[in-house]
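The file final.cif contains mmCIF, C-alpha atoms:
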data_final
#
loop_
_atom_site.label_atom_id
_atom_site.label_comp_id
_atom_site.auth_asym_id
_atom_site.auth_seq_id
_atom_site.Cartn_x
_atom_site.Cartn_y
_atom_site.Cartn_z
CA MET A 1 60.67 138.55 106.11
CA SER A 2 62.33 135.16 106.43
CA ASN A 3 63.91 134.72 109.86
CA LEU A 4 62.16 135.41 113.08
CA THR A 5 65.13 134.77 115.32
CA ARG A 6 68.32 136.64 115.07
CA TRP A 7 71.17 134.43 114.00
CA GLN A 8 74.09 134.64 116.39
CA ARG A 9 77.54 133.45 115.78
CA PRO A 10 78.22 130.76 118.36
CA GLU A 11 81.06 131.56 120.70
CA LEU A 12 81.63 128.78 123.10
CA ALA A 13 85.23 128.80 124.13
CA VAL A 14 86.51 131.18 126.71
CA TRP A 15 88.57 134.15 125.72
CA PRO A 16 90.51 135.16 128.76
CA ALA A 17 92.65 138.09 127.86
CA PHE A 18 95.85 136.17 127.34
CA ASP A 19 94.58 133.16 125.50
CA LYS A 20 95.00 133.12 121.77
CA LEU A 21 92.12 132.08 119.62
CA PHE A 22 93.27 129.18 117.51
CA GLY A 23 91.07 127.39 115.12
CA LEU A 24 92.75 124.70 113.16
CA ARG A 25 92.44 126.79 110.06
CA ASP A 26 94.01 129.78 111.72
CA GLU A 27 96.84 127.61 112.79
CA LEU A 28 97.50 126.45 109.30
CA ASP A 29 97.47 130.01 108.04
CA ARG A 30 99.74 131.03 110.80
CA LEU A 31 102.07 128.20 110.03
CA PHE A 32 102.61 129.41 106.52
CA GLU A 33 102.98 133.05 107.39
CA ASN A 34 105.33 132.65 110.28
CA PRO A 35 107.33 129.45 110.09
CA PHE A 36 109.69 130.40 112.89
CA GLY A 37 107.17 131.75 115.29
CA ASP A 38 105.89 130.03 118.37
CA TRP A 39 103.58 127.74 116.49
CA THR A 40 105.09 124.80 118.30
CA ARG A 41 103.44 125.91 121.47
CA ASN A 42 99.90 125.14 120.49
CA SER A 43 100.12 123.40 117.20
CA GLN A 44 98.70 119.94 117.05
CA LEU A 45 100.43 119.30 113.78
CA LEU A 46 103.94 119.38 115.07
CA SER A 47 104.17 118.79 118.76
CA VAL A 48 104.72 115.43 120.32
CA TRP A 49 102.55 113.84 122.94
CA ASN A 50 104.55 113.49 126.12
CA PRO A 51 102.40 112.22 128.93
CA ALA A 52 103.55 113.14 132.41
CA ILE A 53 105.33 110.38 134.33
CA ASP A 54 105.93 110.10 138.06
CA LEU A 55 108.31 107.72 139.77
CA PHE A 56 107.97 106.64 143.40
CA GLU A 57 110.00 104.30 145.53
CA ASP A 58 109.67 102.80 148.96
CA ALA A 59 111.34 99.91 150.74
CA ASP A 60 109.68 97.16 148.74
CA THR A 61 108.20 98.65 145.64
CA VAL A 62 108.86 100.92 142.74
CA THR A 63 105.77 102.63 141.36
CA VAL A 64 105.42 104.46 138.06
CA LYS A 65 102.39 106.57 137.21
CA ALA A 66 101.55 107.98 133.80
CA GLU A 67 98.78 110.40 132.91
CA LEU A 68 96.96 108.95 129.94
CA PRO A 69 93.39 110.18 129.87
CA GLY A 70 90.85 108.77 127.50
CA MET A 71 92.61 105.61 126.41
CA LYS A 72 91.41 102.06 126.39
CA LYS A 73 93.59 99.58 128.20
CA GLU A 74 94.14 97.65 124.98
CA GLU A 75 95.76 100.72 123.50
CA ILE A 76 98.46 100.93 126.16
CA GLU A 77 101.60 98.80 126.13
CA VAL A 78 103.89 98.40 129.08
CA SER A 79 107.16 96.51 128.84
CA LEU A 80 110.17 95.98 131.00
CA HIS A 81 113.64 95.46 129.66
CA ASP A 82 117.09 95.79 131.19
CA GLY A 83 116.01 97.87 134.10
CA MET A 84 113.94 100.22 131.99
CA LEU A 85 110.21 100.47 131.93
CA SER A 86 108.66 101.53 128.63
CA ILE A 87 105.15 102.77 128.23
CA SER A 88 103.78 103.34 124.78
CA GLY A 89 100.53 103.43 122.96
CA GLU A 90 98.42 105.07 120.39
CA ARG A 91 95.33 107.14 120.70
CA LYS A 92 93.36 106.71 117.56
CA SER A 93 91.70 109.70 116.04
CA GLU A 94 88.86 110.78 118.23
CA GLN A 95 85.33 109.72 117.56
CA LYS A 96 83.95 111.86 114.81
CA TYR A 97 80.61 113.43 115.46
CA GLU A 98 78.28 113.64 112.53
CA ASP A 99 78.37 116.92 110.64
CA ALA A 100 80.33 118.56 113.36
CA GLN A 101 82.30 121.71 113.09
CA THR A 102 85.41 121.80 115.24
CA HIS A 103 85.92 124.92 117.29
CA ARG A 104 88.85 123.75 119.36
CA SER A 105 91.03 120.70 119.14
CA GLU A 106 93.63 120.66 121.88
CA ARG A 107 93.68 117.01 122.78
CA PHE A 108 96.51 114.98 121.45
CA VAL A 109 96.00 112.22 118.97
CA GLY A 110 98.63 109.78 117.89
CA VAL A 111 101.42 107.69 119.35
CA PHE A 112 103.50 108.28 122.42
CA GLN A 113 106.41 106.48 123.94
CA ARG A 114 108.18 107.08 127.23
CA SER A 115 110.90 105.08 128.90
CA ILE A 116 112.13 105.43 132.40
CA THR A 117 115.12 103.86 134.11
CA LEU A 118 114.16 102.14 137.31
CA PRO A 119 116.12 102.90 140.44
CA ALA A 120 116.34 99.27 141.54
CA ALA A 121 116.09 95.77 140.22
CA VAL A 122 112.54 94.46 140.18
CA LYS A 123 110.83 91.12 139.90
CA GLY A 124 109.67 91.11 136.33
CA ASP A 125 107.01 88.46 136.76
CA GLN A 126 105.25 90.26 139.58
CA VAL A 127 104.75 93.58 137.90
CA LYS A 128 101.18 94.82 137.91
CA ALA A 129 99.60 97.61 135.92
CA GLN A 130 96.28 99.27 136.58
CA TYR A 131 94.48 101.93 134.56
CA LYS A 132 91.98 104.04 136.46
CA ASP A 133 90.60 107.56 135.96
CA GLY A 134 92.98 108.09 133.11
CA ILE A 135 96.08 107.29 135.15
CA LEU A 136 98.17 104.21 134.52
CA THR A 137 99.85 102.89 137.67
CA VAL A 138 102.58 100.28 137.31
CA THR A 139 103.65 98.58 140.52
CA LEU A 140 107.00 96.80 140.45
CA PRO A 141 108.07 94.84 143.51
CA LYS A 142 111.76 95.08 144.14
CA ALA A 143 113.96 92.04 143.76
CA GLU A 144 115.26 90.66 147.04
CA GLU A 145 118.80 91.72 146.50
CA ALA A 146 117.73 95.26 145.76
CA LYS A 147 115.97 95.76 149.04
CA ARG A 148 117.85 97.64 151.62
CA LYS A 149 119.06 95.36 154.36
CA GLN A 150 119.90 96.31 157.82
CA ILE A 151 123.30 95.07 158.88
CA GLU A 152 123.67 94.59 162.52
CA VAL A 153 126.76 96.06 164.07
CA LYS A 154 128.23 93.89 166.76
CA VAL A 155 130.46 95.25 169.38
CA ASN A 156 132.87 92.84 170.94
CA MET B 1 74.98 110.83 134.87
CA ASN B 2 73.83 114.35 135.36
CA SER B 3 75.96 117.34 135.93
CA SER B 4 75.64 119.00 139.27
CA VAL B 5 74.47 122.53 138.86
CA ALA B 6 75.46 124.88 141.63
CA LYS B 7 75.07 128.58 142.16
CA GLN B 8 78.33 130.43 142.31
CA GLU B 9 79.03 133.79 143.74
CA ALA B 10 79.27 136.40 141.05
CA ARG B 11 82.76 136.81 139.87
CA LYS B 12 83.97 139.53 137.64
CA ASP B 13 86.07 138.46 134.70
CA ALA B 14 86.95 134.98 135.86
CA VAL B 15 90.38 135.00 134.32
CA VAL B 16 92.13 131.96 135.65
CA GLN B 17 95.50 133.64 135.97
CA ASN B 18 94.17 135.97 138.66
CA GLU B 19 92.87 133.28 140.96
CA PRO B 20 94.99 132.83 144.08
CA LYS B 21 95.13 129.04 143.85
CA ASN B 22 97.00 127.44 141.01
CA TYR B 23 94.90 125.49 138.61
CA ILE B 24 95.69 123.62 135.47
CA SER B 25 93.57 124.33 132.48
CA PRO B 26 92.45 121.03 130.99
CA GLU B 27 92.80 120.56 127.26
CA VAL B 28 89.51 120.53 125.44
CA ASN B 29 88.01 119.62 122.13
CA ILE B 30 84.90 121.50 121.18
CA PHE B 31 82.60 120.46 118.38
CA GLU B 32 79.37 121.92 117.14
CA THR B 33 76.56 120.15 115.34
CA LYS B 34 73.19 121.50 114.41
CA ASP B 35 71.74 120.03 117.59
CA GLY B 36 74.23 121.30 120.06
CA TYR B 37 77.79 121.35 121.24
CA ILE B 38 80.07 118.62 122.45
CA LEU B 39 82.95 119.41 124.73
CA GLU B 40 85.63 116.94 125.77
CA ALA B 41 88.03 117.89 128.55
CA GLU B 42 91.05 115.91 129.68
CA MET B 43 91.38 115.67 133.42
CA PRO B 44 93.41 112.60 134.39
CA GLY B 45 92.97 111.59 137.99
CA VAL B 46 89.46 113.00 138.24
CA ASN B 47 86.39 110.84 138.59
CA LYS B 48 82.73 111.55 139.17
CA GLU B 49 83.20 112.46 142.83
CA GLY B 50 85.79 115.08 142.14
CA LEU B 51 83.96 116.75 139.31
CA ASP B 52 82.03 119.95 139.70
CA ILE B 53 80.28 121.79 136.90
CA ALA B 54 78.71 125.13 137.69
CA LEU B 55 76.54 127.30 135.51
CA GLU B 56 76.06 130.95 136.09
CA ALA B 57 74.47 133.47 133.77
CA ASN B 58 76.07 132.47 130.50
CA THR B 59 79.29 131.00 131.81
CA MET B 60 80.10 127.45 132.72
CA THR B 61 82.97 126.49 134.99
CA ILE B 62 84.32 122.98 135.07
CA HIS B 63 86.32 122.13 138.13
CA GLY B 64 88.00 118.79 138.67
CA ARG B 65 89.54 117.67 141.93
CA ARG B 66 92.02 114.87 141.68
CA THR B 67 91.41 111.82 143.82
CA PRO B 68 94.18 111.76 146.42
CA GLN B 69 97.18 109.70 145.49
CA ASP B 70 97.63 106.56 147.45
CA VAL B 71 101.14 105.74 146.40
CA LYS B 72 103.55 104.37 148.90
CA GLY B 73 106.98 105.73 149.06
CA GLN B 74 108.62 108.95 148.17
CA ALA B 75 108.66 110.60 144.81
CA LEU B 76 111.93 110.30 142.96
CA TYR B 77 110.76 112.06 139.87
CA ARG B 78 107.56 113.98 139.22
CA GLU B 79 106.23 115.50 136.06
CA SER B 80 102.58 115.68 136.93
CA SER B 81 101.29 118.54 138.97
CA PRO B 82 99.04 117.96 141.99
CA ALA B 83 96.92 120.99 141.12
CA ASP B 84 93.22 120.73 140.36
CA TYR B 85 91.72 121.46 136.96
CA ARG B 86 89.59 124.43 136.17
CA ARG B 87 88.37 126.14 133.07
CA VAL B 88 85.66 128.65 132.41
CA PHE B 89 83.62 128.83 129.23
CA GLU B 90 81.27 131.39 127.90
CA LEU B 91 78.18 129.69 126.58
CA ASP B 92 76.35 130.40 123.42
CA PRO B 93 72.94 131.69 124.49
CA ALA B 94 71.37 129.14 122.19
CA ILE B 95 72.30 126.36 124.58
CA ASP B 96 69.54 124.92 126.69
CA THR B 97 71.31 124.83 130.03
CA GLY B 98 68.70 122.62 131.62
CA LYS B 99 69.55 119.79 129.28
CA ILE B 100 73.31 119.69 129.63
CA GLU B 101 74.64 116.20 130.21
CA ALA B 102 78.01 115.21 131.52
CA LYS B 103 79.87 111.98 131.87
CA ILE B 104 83.44 111.23 132.77
CA THR B 105 85.39 108.16 131.70
CA GLN B 106 89.06 107.48 132.30
CA GLY B 107 89.76 111.08 133.05
CA VAL B 108 87.94 112.52 130.05
CA LEU B 109 84.85 114.60 130.66
CA THR B 110 82.38 114.65 127.80
CA LEU B 111 79.68 117.28 127.91
CA HIS B 112 76.69 117.45 125.62
CA LEU B 113 75.18 120.90 125.42
CA PRO B 114 72.05 120.82 123.32
CA LYS B 115 70.75 123.91 121.65
CA SER B 116 67.29 124.90 122.69
CA GLU B 117 64.50 123.98 120.35
CA ALA B 118 63.54 127.55 119.71
CA VAL B 119 66.81 128.24 117.97
CA LYS B 120 66.85 125.30 115.63
CA PRO B 121 65.58 126.02 112.19
CA ARG B 122 62.01 124.99 111.87
CA LYS B 123 58.97 125.77 109.83
CA VAL B 124 56.17 127.90 111.07
CA THR B 125 52.70 127.07 109.86
CA VAL B 126 50.70 129.96 108.67
CA ASN B 127 47.23 130.27 110.05
CA ASP B 128 44.47 131.52 107.90
#
Before anything else, please render the file you have as structure tokens.
Amino acid sequence: MSNLTRWQRPELAVWPAFDKLFGLRDELDRLFENPFGDWTRNSQLLSVWNPAIDLFEDADTVTVKAELPGMKKEEIEVSLHDGMLSISGERKSEQKYEDAQTHRSERFVGVFQRSITLPAAVKGDQVKAQYKDGILTVTLPKAEEAKRKQIEVKVN
Amino acid sequence: MNSSVAKQEARKDAVVQNEPKNYISPEVNIFETKDGYILEAEMPGVNKEGLDIALEANTMTIHGRRTPQDVKGQALYRESSPADYRRVFELDPAIDTGKIEAKITQGVLTLHLPKSEAVKPRKVTVND
């Protein structure tokens, strides 16, 4: 008699009825069996990282928010050119844990790049960017000529 | 930082699709070492105050509330969803739930779930 405790296969991830169980190995197998299936949906190997971007505007400011969890601010680049704001960066391969077996790997790794056309001219030297809670917020004050001006109507 | 452990009402088959409120399921990485599990979940916009981790029987629910947006102006274009994050996991019984640790940085929750000592391989001394 060697073991006193019963060995159980660890099952950590949830299996709600509609979720498919994908290990990375399964995905690779699936990729070869069914090249035209819906492997793009969940496959890390082939999909592109497209972080969600929001664009806001008020009278004086244009604000752009991007969802970029788990990055360091040095890994994010923001640039402004010709009325377009570009956000790009790279998430390096995640920290490897020693002797770890991967059960699920859904987080994206790699480069991303998004550009967005701004709705108004902005003052390039006063643009600020802040990265908090995984969200990058870029605040762009509008250039004077882009602000809406009230024109007074005179009646003679 | 410790996780907050709260009692939940019993729920049958917590399949997220059946919940009345819309939640987003955060993307996770799950690793296993001989000492325990590590789970990373992406929840941008969530910080320590908005995070809730509940353990019940052998399931663990992570629930992240986004901090309210304080952006001036109206939205011209939105891709992000204002919904909260939620995901339920079934835990390996080998996990020592009293020792689970959580921390959240820049929208990524990292959970360490150590296996209980009793399950790790160890030698038993034989008494005469």
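Remark: for A:Glu75, the closest of the candidate residues A:Ala143, A:Ala59, A:Ala52, A:Leu136 is A:Leu136 (distances computed over only C-alpha atoms).
The interatomic distance for the pair atom CA of B:Gly36 and atom CA of B:Tyr85 works out to 24.3 Å.
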Pull out every residue that the PyMOL selection byres ((chain A) within 7 of (chain B)) matches in the shown coordinates and put them as an MDAnalysis selection string. chainID A and resid 10:14 16 52:58 67:70 99:107 132:135
For the structure provided, state which residues fall under the PyMOL selection byres ((chain A and resi 144) around 10), and present them as an mmCIF file with C-alpha atoms, in the coordinates of the input.
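Resulting contents of expr-v2.cif:
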data_model
loop_
_atom_site.group_PDB
_atom_site.id
_atom_site.type_symbol
_atom_site.label_atom_id
_atom_site.label_comp_id
_atom_site.auth_asym_id
_atom_site.auth_seq_id
_atom_site.Cartn_x
_atom_site.Cartn_y
_atom_site.Cartn_z
ATOM 1 C CA ASP A 60 109.680 97.160 148.740
ATOM 2 C CA ALA A 121 116.090 95.770 140.220
ATOM 3 C CA VAL A 122 112.540 94.460 140.180
ATOM 4 C CA LYS A 123 110.830 91.120 139.900
ATOM 5 C CA PRO A 141 108.070 94.840 143.510
ATOM 6 C CA LYS A 142 111.760 95.080 144.140
ATOM 7 C CA ALA A 143 113.960 92.040 143.760
ATOM 8 C CA GLU A 145 118.800 91.720 146.500
ATOM 9 C CA ALA A 146 117.730 95.260 145.760
ATOM 10 C CA LYS A 147 115.970 95.760 149.040
ATOM 11 C CA ARG A 148 117.850 97.640 151.620
ATOM 12 C CA LYS A 149 119.060 95.360 154.360
#
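You will find atom CA of B:Thr125 at 26.7 Å from atom CA of B:Lys99.
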Name every residue that the PyMOL selection byres ((chain B and resi 100) around 9) selects in this structure, writing the answer as number ranges by chain with chains first and numbers rising. B: 2-3, 95-99, 101-102, 111-114
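In this structure, atom CA of A:Thr63 sits 15.0 Å away from atom CA of A:Arg114.
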Got a sec: who's within 10 Å of stretch 82-84 of chain A, counting only C-alpha atoms, leaving out chain neighbours fewer than 4 positions off, as a ChimeraX atom specification? /A:115-122,124
For the selection just defined, write its residues with C-alpha atoms to a file, as a short mmCIF file (atom, residue, chain, number, x, y, z; two decimals), keeping the file's coordinate frame.
data_model
loop_
_atom_site.label_atom_id
_atom_site.label_comp_id
_atom_site.auth_asym_id
_atom_site.auth_seq_id
_atom_site.Cartn_x
_atom_site.Cartn_y
_atom_site.Cartn_z
CA SER A 115 110.90 105.08 128.90
CA ILE A 116 112.13 105.43 132.40
CA THR A 117 115.12 103.86 134.11
CA LEU A 118 114.16 102.14 137.31
CA PRO A 119 116.12 102.90 140.44
CA ALA A 120 116.34 99.27 141.54
CA ALA A 121 116.09 95.77 140.22
CA VAL A 122 112.54 94.46 140.18
CA GLY A 124 109.67 91.11 136.33
#
Counting only C-alpha atoms, the option among A:Ser79, A:Ser88, A:Asn156, A:Ser93 closest to A:Phe112: A:Ser88
Hey, what's within 10 Å of A:Gln113 if we count only C-alpha atoms and toss same-chain stuff fewer than 5 positions away? As a CSV table (one decimal) with C-alpha atoms, keeping the file's coordinate frame, please?
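Contents of around02.csv, as written:
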chain,number,residue,atom,x,y,z
A,48,VAL,CA,104.7,115.4,120.3
A,49,TRP,CA,102.6,113.8,122.9
A,50,ASN,CA,104.6,113.5,126.1
A,51,PRO,CA,102.4,112.2,128.9
A,76,ILE,CA,98.5,100.9,126.2
A,77,GLU,CA,101.6,98.8,126.1
A,78,VAL,CA,103.9,98.4,129.1
A,86,SER,CA,108.7,101.5,128.6
A,87,ILE,CA,105.2,102.8,128.2
A,88,SER,CA,103.8,103.3,124.8
A,89,GLY,CA,100.5,103.4,123.0
A,90,GLU,CA,98.4,105.1,120.4
Keeping N, CA and C atoms (and nothing else), can you write stretch 19-48 of chain B of this structure as a short mmCIF file (atom, residue, chain, number, x, y, z; two decimals), in the first residue's frame?
data_model
loop_
_atom_site.label_atom_id
_atom_site.label_comp_id
_atom_site.auth_asym_id
_atom_site.auth_seq_id
_atom_site.Cartn_x
_atom_site.Cartn_y
_atom_site.Cartn_z
N GLU B 19 -28.11 34.66 -15.11
CA GLU B 19 -28.29 35.75 -14.16
C GLU B 19 -29.01 36.90 -14.83
N PRO B 20 -29.88 37.60 -14.08
CA PRO B 20 -30.64 38.68 -14.74
C PRO B 20 -29.75 39.86 -15.15
N LYS B 21 -28.72 40.16 -14.35
CA LYS B 21 -27.91 41.31 -14.72
C LYS B 21 -26.81 40.86 -15.67
N ASN B 22 -26.43 41.73 -16.56
CA ASN B 22 -25.38 41.36 -17.50
C ASN B 22 -24.00 41.53 -16.91
N TYR B 23 -23.23 40.49 -16.95
CA TYR B 23 -21.87 40.60 -16.48
C TYR B 23 -20.93 40.25 -17.61
N ILE B 24 -19.71 40.74 -17.47
CA ILE B 24 -18.67 40.30 -18.40
C ILE B 24 -17.84 39.26 -17.67
N SER B 25 -17.44 38.27 -18.39
CA SER B 25 -16.59 37.26 -17.79
C SER B 25 -15.14 37.69 -18.02
N PRO B 26 -14.38 37.90 -16.96
CA PRO B 26 -13.00 38.36 -17.19
C PRO B 26 -12.14 37.23 -17.73
N GLU B 27 -11.15 37.58 -18.52
CA GLU B 27 -10.26 36.54 -19.04
C GLU B 27 -9.29 36.12 -17.97
N VAL B 28 -9.01 34.85 -17.91
CA VAL B 28 -8.15 34.36 -16.83
C VAL B 28 -7.02 33.51 -17.37
N ASN B 29 -5.97 33.49 -16.62
CA ASN B 29 -4.90 32.50 -16.80
C ASN B 29 -4.88 31.67 -15.54
N ILE B 30 -4.79 30.39 -15.69
CA ILE B 30 -4.74 29.52 -14.51
C ILE B 30 -3.52 28.63 -14.60
N PHE B 31 -2.72 28.65 -13.58
CA PHE B 31 -1.53 27.80 -13.53
C PHE B 31 -1.58 26.92 -12.30
N GLU B 32 -0.93 25.79 -12.40
CA GLU B 32 -0.86 24.93 -11.23
C GLU B 32 0.58 24.53 -10.96
N THR B 33 1.00 24.67 -9.70
CA THR B 33 2.32 24.16 -9.32
C THR B 33 2.08 23.11 -8.25
N LYS B 34 3.14 22.55 -7.76
CA LYS B 34 2.90 21.50 -6.76
C LYS B 34 2.40 22.09 -5.45
N ASP B 35 2.59 23.40 -5.27
CA ASP B 35 2.16 24.02 -4.01
C ASP B 35 0.77 24.60 -4.08
N GLY B 36 0.28 24.82 -5.26
CA GLY B 36 -1.03 25.43 -5.31
C GLY B 36 -1.34 25.96 -6.71
N TYR B 37 -2.38 26.75 -6.76
CA TYR B 37 -2.80 27.30 -8.03
C TYR B 37 -2.58 28.81 -8.05
N ILE B 38 -2.40 29.32 -9.26
CA ILE B 38 -2.33 30.77 -9.42
C ILE B 38 -3.34 31.15 -10.48
N LEU B 39 -4.15 32.12 -10.16
CA LEU B 39 -5.17 32.54 -11.11
C LEU B 39 -5.00 34.04 -11.35
N GLU B 40 -4.95 34.42 -12.63
CA GLU B 40 -4.87 35.85 -12.95
C GLU B 40 -6.13 36.20 -13.72
N ALA B 41 -6.81 37.26 -13.30
CA ALA B 41 -8.03 37.65 -14.01
C ALA B 41 -7.91 39.11 -14.42
N GLU B 42 -8.31 39.41 -15.66
CA GLU B 42 -8.22 40.78 -16.15
C GLU B 42 -9.51 41.52 -15.91
N MET B 43 -9.44 42.56 -15.11
CA MET B 43 -10.66 43.34 -14.86
C MET B 43 -10.28 44.82 -14.87
N PRO B 44 -10.11 45.40 -16.06
CA PRO B 44 -9.72 46.81 -16.09
C PRO B 44 -10.79 47.69 -15.48
N GLY B 45 -10.37 48.69 -14.74
CA GLY B 45 -11.33 49.59 -14.12
C GLY B 45 -11.73 49.15 -12.72
N VAL B 46 -11.19 48.04 -12.25
CA VAL B 46 -11.55 47.56 -10.92
C VAL B 46 -10.34 47.72 -10.02
N ASN B 47 -10.57 48.25 -8.82
CA ASN B 47 -9.48 48.30 -7.86
C ASN B 47 -9.93 47.59 -6.59
N LYS B 48 -9.14 47.71 -5.54
CA LYS B 48 -9.40 46.92 -4.35
C LYS B 48 -10.80 47.14 -3.80
#
